[in-house]
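**Student:** So I've got this file, upload.cif, and it contains mmCIF, C-alpha atoms:
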```
data_entry
loop_
_atom_site.group_PDB
_atom_site.id
_atom_site.type_symbol
_atom_site.label_atom_id
_atom_site.label_comp_id
_atom_site.auth_asym_id
_atom_site.auth_seq_id
_atom_site.Cartn_x
_atom_site.Cartn_y
_atom_site.Cartn_z
ATOM 1 C CA MET H 205 86.859 170.517 42.548
ATOM 2 C CA ARG H 206 88.426 171.805 45.758
ATOM 3 C CA CYS H 207 85.069 171.465 47.568
ATOM 4 C CA ILE H 208 84.810 167.839 46.518
ATOM 5 C CA THR H 209 88.331 167.131 47.733
ATOM 6 C CA SER H 210 87.698 168.799 51.092
ATOM 7 C CA TRP H 211 84.455 166.913 51.492
ATOM 8 C CA GLY H 212 86.219 163.578 50.817
ATOM 9 C CA ALA H 213 88.973 164.390 53.311
ATOM 10 C CA LEU H 214 86.368 165.240 55.919
ATOM 11 C CA LEU H 215 84.595 161.925 55.375
ATOM 12 C CA PHE H 216 87.941 160.072 55.657
ATOM 13 C CA VAL H 217 88.775 161.800 58.957
ATOM 14 C CA GLN H 218 85.312 161.031 60.363
ATOM 15 C CA SER H 219 85.600 157.346 59.378
ATOM 16 C CA PHE H 220 89.067 157.076 60.921
ATOM 17 C CA LEU H 221 87.880 158.663 64.193
ATOM 18 C CA ALA H 222 84.870 156.318 64.362
ATOM 19 C CA ILE H 223 87.054 153.230 63.872
ATOM 20 C CA PHE H 224 89.590 154.472 66.450
ATOM 21 C CA LEU H 225 86.908 155.177 69.086
ATOM 22 C CA THR H 226 85.305 151.751 68.503
ATOM 23 C CA ALA H 227 88.631 149.954 68.949
ATOM 24 C CA LEU H 228 89.394 151.980 72.097
ATOM 25 C CA ALA H 229 86.025 151.115 73.647
ATOM 26 C CA SER H 230 86.501 147.403 72.857
ATOM 27 C CA THR H 231 89.961 147.381 74.497
ATOM 28 C CA ALA H 232 88.622 149.051 77.638
ATOM 29 C CA ALA H 233 85.819 146.501 77.896
ATOM 30 C CA ASP H 234 88.282 143.590 77.606
ATOM 31 C CA THR H 235 90.518 145.119 80.275
ATOM 32 C CA THR H 236 87.556 145.474 82.627
ATOM 33 C CA LEU H 237 86.588 141.834 82.139
ATOM 34 C CA LEU H 238 90.124 140.632 82.834
ATOM 35 C CA SER H 239 90.647 142.739 85.945
ATOM 36 C CA SER H 240 87.278 142.121 87.615
ATOM 37 C CA PRO H 241 87.050 139.001 89.880
ATOM 38 C CA ALA H 242 84.848 136.182 88.606
ATOM 39 C CA GLU H 243 81.975 134.838 90.642
ATOM 40 C CA PRO H 244 82.494 131.254 91.856
ATOM 41 C CA THR H 245 80.458 128.652 90.001
ATOM 42 C CA ALA H 246 78.137 126.216 91.689
ATOM 43 C CA ALA H 247 80.702 123.399 91.297
ATOM 44 C CA VAL H 248 83.441 125.464 92.968
ATOM 45 C CA ALA H 249 81.114 126.469 95.775
ATOM 46 C CA ALA H 250 80.153 122.849 96.374
ATOM 47 C CA ALA H 251 83.817 121.813 96.481
ATOM 48 C CA GLU H 252 84.596 124.526 99.015
ATOM 49 C CA VAL H 253 81.832 123.271 101.305
ATOM 50 C CA GLY H 254 83.063 119.658 100.974
ATOM 51 C CA GLU H 255 82.338 116.676 103.213
ATOM 52 C CA LYS H 256 83.230 116.587 106.880
ATOM 53 C CA THR H 257 86.334 114.512 107.562
ATOM 54 C CA TYR H 258 88.075 113.183 110.666
ATOM 55 C CA ARG H 259 91.525 112.414 112.088
ATOM 56 C CA VAL H 260 92.797 108.935 112.967
ATOM 57 C CA ARG H 261 95.552 108.938 115.605
ATOM 58 C CA GLY H 262 97.815 106.300 117.067
ATOM 59 C CA THR H 263 101.321 105.281 118.096
ATOM 60 C CA ILE H 264 103.736 102.591 116.983
ATOM 61 C CA VAL H 265 104.945 101.036 120.233
ATOM 62 C CA PRO H 266 108.182 99.068 120.825
ATOM 63 C CA ASN H 267 108.261 95.346 121.571
ATOM 64 C CA ASP H 268 110.697 92.416 121.366
ATOM 65 C CA ILE H 269 110.780 92.620 117.555
ATOM 66 C CA LEU H 270 111.149 96.385 117.274
ATOM 67 C CA SER H 271 112.712 97.473 120.534
ATOM 68 C CA ASP H 272 113.633 100.982 119.398
ATOM 69 C CA ILE H 273 111.250 103.067 117.293
ATOM 70 C CA SER H 274 114.206 104.997 115.901
ATOM 71 C CA GLY H 275 115.136 101.773 114.097
ATOM 72 C CA LEU H 276 112.103 102.294 111.903
ATOM 73 C CA SER H 277 112.960 103.745 108.507
ATOM 74 C CA THR H 278 112.209 107.428 107.923
ATOM 75 C CA LYS H 279 110.312 106.300 104.832
ATOM 76 C CA ALA H 280 107.797 104.368 106.930
ATOM 77 C CA ARG H 281 104.246 105.618 106.538
ATOM 78 C CA VAL H 282 100.834 104.821 107.948
ATOM 79 C CA VAL H 283 98.383 104.584 105.062
ATOM 80 C CA ILE H 284 94.653 104.067 104.746
ATOM 81 C CA ASN H 285 93.058 102.291 101.789
ATOM 82 C CA GLY H 286 96.354 101.655 100.046
ATOM 83 C CA GLY H 287 97.529 105.267 100.138
ATOM 84 C CA GLU H 288 94.296 107.246 99.792
ATOM 85 C CA TYR H 289 95.226 108.888 103.091
ATOM 86 C CA THR H 290 98.771 109.006 104.454
ATOM 87 C CA GLY H 291 100.321 109.915 107.791
ATOM 88 C CA PHE H 292 103.977 110.341 108.795
ATOM 89 C CA VAL H 293 105.497 108.511 111.751
ATOM 90 C CA GLN H 294 107.127 110.827 114.294
ATOM 91 C CA LYS H 295 110.317 110.042 116.225
ATOM 92 C CA ASP H 296 108.306 108.835 119.203
ATOM 93 C CA GLY H 297 106.156 106.595 116.984
ATOM 94 C CA ALA H 298 103.087 108.830 117.010
ATOM 95 C CA PHE H 299 101.127 109.362 113.805
ATOM 96 C CA ALA H 300 97.985 111.162 112.667
ATOM 97 C CA ILE H 301 96.022 110.781 109.444
ATOM 98 C CA ASP H 302 93.733 113.656 108.486
ATOM 99 C CA ASN H 303 90.794 114.025 106.089
ATOM 100 C CA VAL H 304 89.482 110.483 106.623
ATOM 101 C CA LYS H 305 85.818 110.153 105.667
ATOM 102 C CA LEU H 306 83.036 108.279 107.431
ATOM 103 C CA GLY H 307 82.778 104.552 106.785
ATOM 104 C CA ASP H 308 85.079 101.516 106.715
ATOM 105 C CA SER H 309 88.791 101.777 105.909
ATOM 106 C CA LEU H 310 91.886 99.576 106.023
ATOM 107 C CA LEU H 311 94.856 100.970 107.956
ATOM 108 C CA GLU H 312 98.365 99.636 107.292
ATOM 109 C CA VAL H 313 101.909 100.534 108.312
ATOM 110 C CA ALA H 314 104.070 100.669 105.179
ATOM 111 C CA SER H 315 107.578 99.654 106.238
ATOM 112 C CA SER H 316 110.370 97.997 104.273
ATOM 113 C CA ALA H 317 111.875 96.299 107.324
ATOM 114 C CA TYR H 318 109.007 95.304 109.633
ATOM 115 C CA ALA H 319 105.571 93.754 109.228
ATOM 116 C CA PHE H 320 102.633 95.209 111.153
ATOM 117 C CA PRO H 321 99.066 93.982 111.621
ATOM 118 C CA LYS H 322 96.366 95.360 109.359
ATOM 119 C CA ILE H 323 93.524 97.163 111.071
ATOM 120 C CA HIS H 324 89.920 97.686 110.037
ATOM 121 C CA VAL H 325 88.868 101.201 111.026
ATOM 122 C CA ARG H 326 85.204 102.200 111.105
ATOM 123 C CA ILE H 327 84.231 105.844 111.626
ATOM 124 C CA SER H 328 80.576 106.433 112.414
ATOM 125 C CA LEU H 329 78.421 109.105 114.043
ATOM 126 C CA LYS H 330 76.684 108.730 117.380
ATOM 127 C CA GLU H 331 73.166 109.934 118.080
ATOM 128 C CA ASP H 332 74.524 113.157 119.551
ATOM 129 C CA GLY H 333 76.457 113.849 116.312
ATOM 130 C CA ARG H 334 79.916 113.036 117.665
ATOM 131 C CA ALA H 335 82.247 110.735 115.734
ATOM 132 C CA SER H 336 83.057 107.242 116.988
ATOM 133 C CA ILE H 337 86.090 105.215 115.828
ATOM 134 C CA ALA H 338 86.093 101.421 116.198
ATOM 135 C CA ALA H 339 89.258 99.548 115.167
ATOM 136 C CA ARG H 340 89.778 95.777 114.856
ATOM 137 C CA TYR H 341 92.548 93.522 113.607
ATOM 138 C CA VAL H 342 91.789 91.949 110.246
ATOM 139 C CA GLN H 343 93.340 89.188 108.143
ATOM 140 C CA ILE H 344 93.842 89.792 104.433
ATOM 141 C CA GLY H 345 91.436 87.699 102.404
ATOM 142 C CA SER H 346 88.851 87.437 105.191
ATOM 143 C CA ASP H 347 85.662 89.435 105.598
ATOM 144 C CA TRP H 348 85.536 92.348 108.010
ATOM 145 C CA SER H 349 83.698 91.109 111.060
ATOM 146 C CA ASP H 350 82.294 92.954 114.055
ATOM 147 C CA ASP H 351 82.903 89.878 116.229
ATOM 148 C CA ALA H 352 86.612 90.687 116.678
ATOM 149 C CA PRO H 353 87.491 92.634 119.845
ATOM 150 C CA VAL H 354 87.656 96.406 119.508
ATOM 151 C CA LEU H 355 91.109 97.931 119.972
ATOM 152 C CA ALA H 356 91.843 100.792 122.331
ATOM 153 C CA TYR H 357 91.888 104.257 120.808
ATOM 154 C CA PRO H 358 94.189 106.087 120.083
ATOM 155 C CA LEU H 359 95.655 103.048 118.354
ATOM 156 C CA ARG H 360 98.765 101.293 119.647
ATOM 157 C CA ILE H 361 100.414 99.196 116.948
ATOM 158 C CA ALA H 362 103.382 96.851 117.428
ATOM 159 C CA ALA H 363 105.462 95.010 114.835
ATOM 160 C CA VAL H 364 104.669 91.321 114.363
ATOM 161 C CA SER H 365 107.809 90.259 112.449
ATOM 162 C CA LYS H 366 110.939 91.514 110.735
ATOM 163 C CA TYR H 367 111.509 90.966 107.048
ATOM 164 C CA ASP H 368 114.513 88.802 106.188
ATOM 165 C CA PHE H 369 115.591 89.201 102.560
ATOM 166 C CA PHE H 370 118.762 87.075 102.867
ATOM 167 C CA THR H 371 119.018 83.291 103.122
ATOM 168 C CA PRO H 372 122.157 81.974 104.869
ATOM 169 C CA ARG H 373 124.338 79.801 102.676
ATOM 170 C CA GLN H 374 124.119 76.139 103.572
ATOM 171 C CA GLY H 375 127.291 74.193 104.297
ATOM 172 C CA PHE H 376 128.422 70.951 102.704
ATOM 173 C CA SER H 377 126.219 67.965 103.526
ATOM 174 C CA ILE H 378 126.811 64.370 102.341
ATOM 175 C CA ILE H 379 123.173 63.476 102.933
ATOM 176 C CA ALA H 380 121.986 66.403 100.820
ATOM 177 C CA MET H 381 124.434 65.474 98.061
ATOM 178 C CA PHE H 382 123.287 61.842 97.812
ATOM 179 C CA SER H 383 119.635 62.790 98.086
ATOM 180 C CA ASN H 384 120.008 64.695 94.839
ATOM 181 C CA PRO H 385 118.141 62.819 92.037
ATOM 182 C CA TYR H 386 121.110 63.138 89.657
ATOM 183 C CA MET H 387 123.468 61.585 92.196
ATOM 184 C CA MET H 388 121.014 58.741 92.721
ATOM 185 C CA MET H 389 120.939 58.072 88.959
ATOM 186 C CA VAL H 390 124.754 58.067 88.798
ATOM 187 C CA GLY H 391 124.935 55.710 91.777
ATOM 188 C CA ALA H 392 122.450 53.309 90.184
ATOM 189 C CA SER H 393 124.462 53.310 86.940
ATOM 190 C CA LEU H 394 127.701 52.520 88.790
ATOM 191 C CA VAL H 395 126.058 49.687 90.686
ATOM 192 C CA ALA H 396 124.788 48.241 87.409
ATOM 193 C CA VAL H 397 128.231 48.476 85.784
ATOM 194 C CA PHE H 398 129.950 46.561 88.593
ATOM 195 C CA LEU H 399 127.225 44.037 89.362
ATOM 196 C CA LEU H 400 126.143 42.967 85.887
ATOM 197 C CA PRO H 401 129.447 41.243 84.983
ATOM 198 C CA LYS H 402 129.328 39.261 88.232
ATOM 199 C CA LEU H 403 125.723 38.287 87.632
ATOM 200 C CA GLN H 404 126.568 37.125 84.110
ATOM 201 C CA ALA H 405 129.488 35.015 85.421
ATOM 202 C CA ASN H 406 127.176 33.155 87.814
ATOM 203 C CA MET H 407 124.421 32.583 85.270
ATOM 204 C CA ASP H 408 123.770 29.205 83.600
ATOM 205 C CA PRO H 409 125.595 29.078 80.218
ATOM 206 C CA GLU H 410 122.429 27.970 78.416
ATOM 207 C CA VAL H 411 120.381 30.871 79.865
ATOM 208 C CA LEU H 412 123.180 33.278 79.040
ATOM 209 C CA GLU H 413 123.269 31.964 75.444
ATOM 210 C CA GLU H 414 119.514 32.513 75.088
ATOM 211 C CA LEU H 415 119.818 36.060 76.412
ATOM 212 C CA LYS H 416 122.556 36.813 73.871
ATOM 213 C CA LYS H 417 120.347 35.557 71.044
ATOM 214 C CA LYS H 418 117.496 37.802 72.164
#
```
How does this structure look as structure tokens?
**Tutor:**
Amino acid sequence: MRCITSWGALLFVQSFLAIFLTALASTAADTTLLSSPAEPTAAVAAAEVGEKTYRVRGTIVPNDILSDISGLSTKARVVINGGEYTGFVQKDGAFAIDNVKLGDSLLEVASSAYAFPKIHVRISLKEDGRASIAARYVQIGSDWSDDAPVLAYPLRIAAVSKYDFFTPRQGFSIIAMFSNPYMMMVGASLVAVFLLPKLQANMDPEVLEELKKK
């Protein structure tokens, strides 16, 4: 009986040690996987290579509308394609927009106080592999045309107008008052009230009697 009990205890100890060693080996393997650096996938490698991009530079210059560049709001930005690329305007009016890709783009100055012309920017490669930037003024709603003159580069952009969000209050005007349709209706009614009795007094009694019957 004692031999059987000893044999059972031995089997229990062996089973416990086997389970403990298996769990320990599994934990070590998980730790190794977590601590070792992973190899970059093909997608990550392709993203790191990326596409070659370029910088668009220019300056906002003063004129009669915007005589002092410091009058431009600090929130003013130079954006391409509606904000796909953004550049900050420096104190001297200079700006630079990075990471612009090859092709056609629309450059705008986003300002809450001044309006600036919109510029069509085309970045292309020459035969020797160097980048070429051609910029032209463009009107919204019209097609981009190569017939427009090419602007000097780096760009020099000037304000074309200042936004006016307030309309001055108009003073009293008699002409404006009587040109109002409601005032014209009131005037016509008053004329009818005063003239009709006089017209009736001068009418033939027989004609007046017929009108009353009708």
**Student:** Please provide the set of residues having any atom within 6 Å of region 341-356 of chain H, restricted to all atoms listed in the file, with same-chain residues fewer than 3 positions apart removed, written as a ChimeraX atom specification.
**Tutor:** /H:322-323,359
**Student:** Just need the box for region 334-345 of chain H, edges along x, y and z, holding every atom the file lists for it with 5 Å tacked onto each side, so centre and edge lengths in Å to one decimal, as JSON.
**Tutor:**
```
{"center_x": 86.9, "center_y": 100.4, "center_z": 110.0, "size_x": 23.9, "size_y": 35.3, "size_z": 25.3}
```
**Student:** Name the residues that the PyMOL selection byres ((chain H and resi 299) around 6) pulls out of this structure, and write them as a list in words.
**Tutor:**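 That selection, the PyMOL selection byres ((chain H and resi 299) around 6), comes back as Arg261, Gly262, Thr263, Phe292, Val293, Ala298 and Ala300 of chain H.
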**Student:** May I have the selected residues written with C-alpha atoms, as a PDB file, in the frame of the given file?
**Tutor:**
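So the final result, stored in selection18.pdb, reads:
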```pdb
ATOM      1  CA  ARG H 261      95.552 108.938 115.605  1.00  0.00           C
ATOM      2  CA  GLY H 262      97.815 106.300 117.067  1.00  0.00           C
ATOM      3  CA  THR H 263     101.321 105.281 118.096  1.00  0.00           C
ATOM      4  CA  PHE H 292     103.977 110.341 108.795  1.00  0.00           C
ATOM      5  CA  VAL H 293     105.497 108.511 111.751  1.00  0.00           C
ATOM      6  CA  ALA H 298     103.087 108.830 117.010  1.00  0.00           C
ATOM      7  CA  ALA H 300      97.985 111.162 112.667  1.00  0.00           C
TER       8      ALA H 300
END
```
**Student:** If we count only C-alpha atoms and set the cut-off at 6 Å, which residues sit around region 275-283 of chain H, ignoring sequence neighbours fewer than 4 positions away in its own chain? Please answer as a ChimeraX atom specification.
**Tutor:** /H:287,289-292,311-315
**Student:** Please provide as a list in words all residues within 6 Å of region 325-335 of chain H, with the sequence filter that same-chain residues fewer than 2 positions apart are discarded (counting all atoms listed in the file).
**Tutor:**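 The residues that qualify are Leu306, Gly307, Asp308, Ser309, Ile337, Ala338 and Ala339 of chain H.
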**Student:** Take CA of Arg259 (chain H) and CA of Ile301 (chain H) and report the distance between them in Å, one decimal.
**Tutor:** 5.5 Å
**Student:** Just give me the gap between CA of Glu255 (chain H) and CA of Arg360 (chain H) in Å, one decimal is fine.
**Tutor:** 27.9 Å
**Student:** Please evaluate the PyMOL selection byres ((chain H and resi 362-379) around 6) against the structure above and give the resulting residues as a PDB file with C-alpha atoms, in the coordinates of the input.
**Tutor:**
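Below is the file out-v9.pdb, written as the result:
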```pdb
ATOM      1  CA  ILE H 264     103.736 102.591 116.983  1.00  0.00           C
ATOM      2  CA  VAL H 265     104.945 101.036 120.233  1.00  0.00           C
ATOM      3  CA  ALA H 317     111.875  96.299 107.324  1.00  0.00           C
ATOM      4  CA  TYR H 318     109.007  95.304 109.633  1.00  0.00           C
ATOM      5  CA  ALA H 319     105.571  93.754 109.228  1.00  0.00           C
ATOM      6  CA  PHE H 320     102.633  95.209 111.153  1.00  0.00           C
ATOM      7  CA  ILE H 361     100.414  99.196 116.948  1.00  0.00           C
ATOM      8  CA  ALA H 380     121.986  66.403 100.820  1.00  0.00           C
ATOM      9  CA  MET H 381     124.434  65.474  98.061  1.00  0.00           C
ATOM     10  CA  PHE H 382     123.287  61.842  97.812  1.00  0.00           C
TER      11      PHE H 382
END
```
**Student:** What is the distance, in Å and to one decimal place, between CA of Glu410 (chain H) and CA of Val395 (chain H)?
**Tutor:** 25.2 Å
